[in-house]
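Down below is the structure, laid out as structure tokens.
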Amino acid sequence: MALATDNTQGMSWHRTATSRFLDKGFFWLTAAFGIGVGIILLAIAFQVGRDAIPSIQKFGLGFLTATRWNPVEDIYGAWTQIYGTLVTSFMALLLAVPVGVGVAIVLSEDFLPPRLQKPLVFMVELLAAIPSVVYGLWGIFVLAPLLQGPAMWFYKTFAGVPVLGSLFSTPPTGRGVYIAGIILAIMILPIISAISRDALVAVPLELRQAAYGLGASRWETLFRVIIPAAFSGIVGGVMLALGRAMGETMAVTMLIGNSSNPSPSLFAQGSTISSLLANQFAEADGLQVSSLMYAALVLFGLTLLVNILAELLVSRVKLKM
């Protein structure tokens, strides 16, 4: 048994061999879990990439720009699905980030009394527990009829406008890219608000008090001190939400229309990589399976690229602070 003395506090403490063994065991256990996550990630990438090799060899990089997806003739191109994935995901971010960060600010600062704040926090987090198929059904029977009138007004008003009119050039049908994007925004809202709220709450109280002591107003403290200090956490929440939006399957499949015809119009029916996999993988065979794996590999690469860009953004902001 080892004996050591803490001279700063005048107290003695003892560490047994069992205690040291448990410390080392915990270290190696957590290290194994961390390495295991990396191994699983590489195994998934390897399996998807291996199954995609026949399609990669036949179509090459042209797969990324071709728009024709024809299982009968074994001709495959995924640009329509890539476009739909990017448009719906970034549309969801455009709608959800301001609302989510705003909700996080309201629920982390003392804008509301505690009796009202705590139930609202619980209700926002509860949105994340709703199954995606329920969001899809709600979108079909509630959101789509509700938005049909405003969408038709946009179509009639802006369809003939140069450049801008291309976004509204298709008559709304109750299915389309815009409805999928709005549903995704609602689905990722609790992720952004919950993680952003945790990041804002974690900002040390001393920073707030120092800003107030220097004469800063409440809003100056919020936007110049608190939000910059919590920026990395907020970006992490946004990137996690973007990953959820890019990989969401069921709700998008039910609402986007699943059309392989490319169109820049938000009212047009479209497709995403996830909805393509959900619709065709069960009945796919031969080169179609390989092409679907190629599309999955593209989605894997997109999410990886987004996370790398987010890490670079957070690192650059930290260097400036």
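How things are named: the first chain in the structure tokens is A, the next is B, and so on; residues count from 1 in each chain; ligands count from 1 in the order shown.
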*Report as a PyMOL selection string: the residues of region 162-262 of chain A with a DSSP assignment of alpha helix (DSSP H), based on the backbone of this structure.*
chain A and resi 177-201+205-213+218-221+227-229+231-247+250-255
Mind dumping a table of every region 216-309 of chain A residue within 10 Å of region 177-185 of chain A, with the nearest atom pair and its distance in Å to one decimal, using only C-alpha atoms, sorted by chain and rising number, as CSV?
residue,atom,partner,partner_atom,distance
A:Ala241,CA,A:Ala185,CA,9.1
A:Leu242,CA,A:Leu184,CA,9.5
A:Arg244,CA,A:Leu184,CA,8.6
A:Ala245,CA,A:Leu184,CA,5.9
A:Met246,CA,A:Leu184,CA,9.1
A:Glu248,CA,A:Leu184,CA,7.9
A:Ala251,CA,A:Ala180,CA,7.5
A:Val252,CA,A:Ala180,CA,5.4
A:Thr253,CA,A:Ala180,CA,8.4
A:Met254,CA,A:Ala180,CA,8.6
A:Leu255,CA,A:Ala180,CA,5.6
A:Ile256,CA,A:Val177,CA,5.3
A:Gly257,CA,A:Val177,CA,8.0
A:Asn258,CA,A:Val177,CA,9.7
A:Ser263,CA,A:Val177,CA,10.0
A:Pro264,CA,A:Val177,CA,9.7
A:Ser265,CA,A:Val177,CA,8.1
A:Leu266,CA,A:Tyr178,CA,5.2
A:Phe267,CA,A:Tyr178,CA,6.0
A:Ala268,CA,A:Val177,CA,6.4
A:Gln269,CA,A:Val177,CA,6.0
A:Gly270,CA,A:Val177,CA,6.0
A:Ser271,CA,A:Val177,CA,8.0
A:Thr272,CA,A:Val177,CA,9.5
For region 1-118 of chain A versus region 299-315 of chain A, which residues have an atom no more than 10 Å away, and what is each residue's nearest atom pair and distance in Å rounded to one decimal, using only C-alpha atoms, chain-then-number order, as a Markdown table?
| residue | atom | partner | partner_atom | distance |
| --- | --- | --- | --- | --- |
| A:Ile44 | CA | A:Phe300 | CA | 9.6 |
| A:Ala45 | CA | A:Phe300 | CA | 7.8 |
| A:Val48 | CA | A:Phe300 | CA | 9.3 |
| A:Gln81 | CA | A:Leu299 | CA | 9.8 |
| A:Ile82 | CA | A:Leu299 | CA | 8.0 |
| A:Thr85 | CA | A:Leu299 | CA | 8.7 |
| A:Leu86 | CA | A:Leu302 | CA | 9.2 |
_region 51-63 of chain A environment, 8 Å, only C-alpha atoms, sequence neighbours closer than 4 positions dropped, as JSON, numbers by chain_ = {"A": [47, 76, 77, 78, 79, 287, 289, 290, 291, 292, 293, 294, 297]}
Expected file: the selected residues, C-alpha atoms, as a short mmCIF file (atom, residue, chain, number, x, y, z; two decimals), in the first residue's frame:
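Final output, out25.cif:
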data_model
loop_
_atom_site.label_atom_id
_atom_site.label_comp_id
_atom_site.auth_asym_id
_atom_site.auth_seq_id
_atom_site.Cartn_x
_atom_site.Cartn_y
_atom_site.Cartn_z
CA GLN A 47 -18.43 -1.94 -46.65
CA TYR A 76 -27.91 5.66 -62.99
CA GLY A 77 -27.13 9.24 -62.00
CA ALA A 78 -27.70 10.81 -58.62
CA TRP A 79 -27.59 14.57 -59.22
CA LEU A 287 -25.88 -2.86 -60.65
CA VAL A 289 -27.62 -2.18 -55.58
CA SER A 290 -24.12 -0.96 -56.36
CA SER A 291 -25.48 2.40 -57.55
CA LEU A 292 -27.53 2.77 -54.40
CA MET A 293 -24.39 2.06 -52.39
CA TYR A 294 -22.58 4.67 -54.47
CA LEU A 297 -21.23 6.73 -50.14
#
*Which residue gives the smallest distance to Val235 (chain A) among A:Ser196, A:Ser217, A:Gln280, A:Gln209, with only C-alpha atoms counted?*
A:Ser196
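Using only C-alpha atoms for every distance, the candidate list A:Gly286, A:Gly233, A:Gly243, A:Gly215 yields A:Gly243 as the residue closest to Ser274 (chain A).
The protein and nucleic acid residues lying at most 10 Å from Ala104 (chain A) are Pro98, Val99, Gly100, Val101, Gly102, Val106, Leu107, Ser108, Glu109, Val121, Val124, Pro190, Ile192, Ser193, Ala194, Ile195, Ser196, Arg197, Asp198, Ala199, Leu200, Val201 and Ile234 of chain A, with only C-alpha atoms considered and sequence neighbours fewer than 2 positions away removed.
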Just to be explicit: take each residue in the selection above, keep C-alpha atoms, and write the result as a PDB file, in the first residue's frame.
ATOM      1  CA  PRO A  98     -32.710  31.493 -36.109  1.00  0.00           C
ATOM      2  CA  VAL A  99     -35.745  30.027 -34.358  1.00  0.00           C
ATOM      3  CA  GLY A 100     -33.749  27.394 -32.475  1.00  0.00           C
ATOM      4  CA  VAL A 101     -31.078  29.804 -31.233  1.00  0.00           C
ATOM      5  CA  GLY A 102     -33.793  32.311 -30.314  1.00  0.00           C
ATOM      6  CA  VAL A 106     -35.256  32.753 -24.211  1.00  0.00           C
ATOM      7  CA  LEU A 107     -35.031  29.495 -22.260  1.00  0.00           C
ATOM      8  CA  SER A 108     -31.491  30.072 -20.925  1.00  0.00           C
ATOM      9  CA  GLU A 109     -31.780  33.694 -19.788  1.00  0.00           C
ATOM     10  CA  VAL A 121     -37.757  23.348 -21.971  1.00  0.00           C
ATOM     11  CA  VAL A 124     -39.118  21.595 -26.797  1.00  0.00           C
ATOM     12  CA  PRO A 190     -35.352  20.708 -30.778  1.00  0.00           C
ATOM     13  CA  ILE A 192     -30.568  23.072 -32.179  1.00  0.00           C
ATOM     14  CA  SER A 193     -32.453  24.657 -29.298  1.00  0.00           C
ATOM     15  CA  ALA A 194     -31.523  22.021 -26.698  1.00  0.00           C
ATOM     16  CA  ILE A 195     -27.797  21.932 -27.496  1.00  0.00           C
ATOM     17  CA  SER A 196     -27.610  25.717 -27.907  1.00  0.00           C
ATOM     18  CA  ARG A 197     -29.351  26.197 -24.574  1.00  0.00           C
ATOM     19  CA  ASP A 198     -26.884  23.871 -22.841  1.00  0.00           C
ATOM     20  CA  ALA A 199     -24.001  25.818 -24.391  1.00  0.00           C
ATOM     21  CA  LEU A 200     -25.443  29.159 -23.265  1.00  0.00           C
ATOM     22  CA  VAL A 201     -26.136  27.928 -19.736  1.00  0.00           C
ATOM     23  CA  ILE A 234     -24.074  26.284 -30.930  1.00  0.00           C
TER      24      ILE A 234
END
*Nearest-residue call for Ala128 (chain A), choices A:Ile188, A:Met250, A:Leu205, A:Val238, using only C-alpha atoms*: A:Ile188
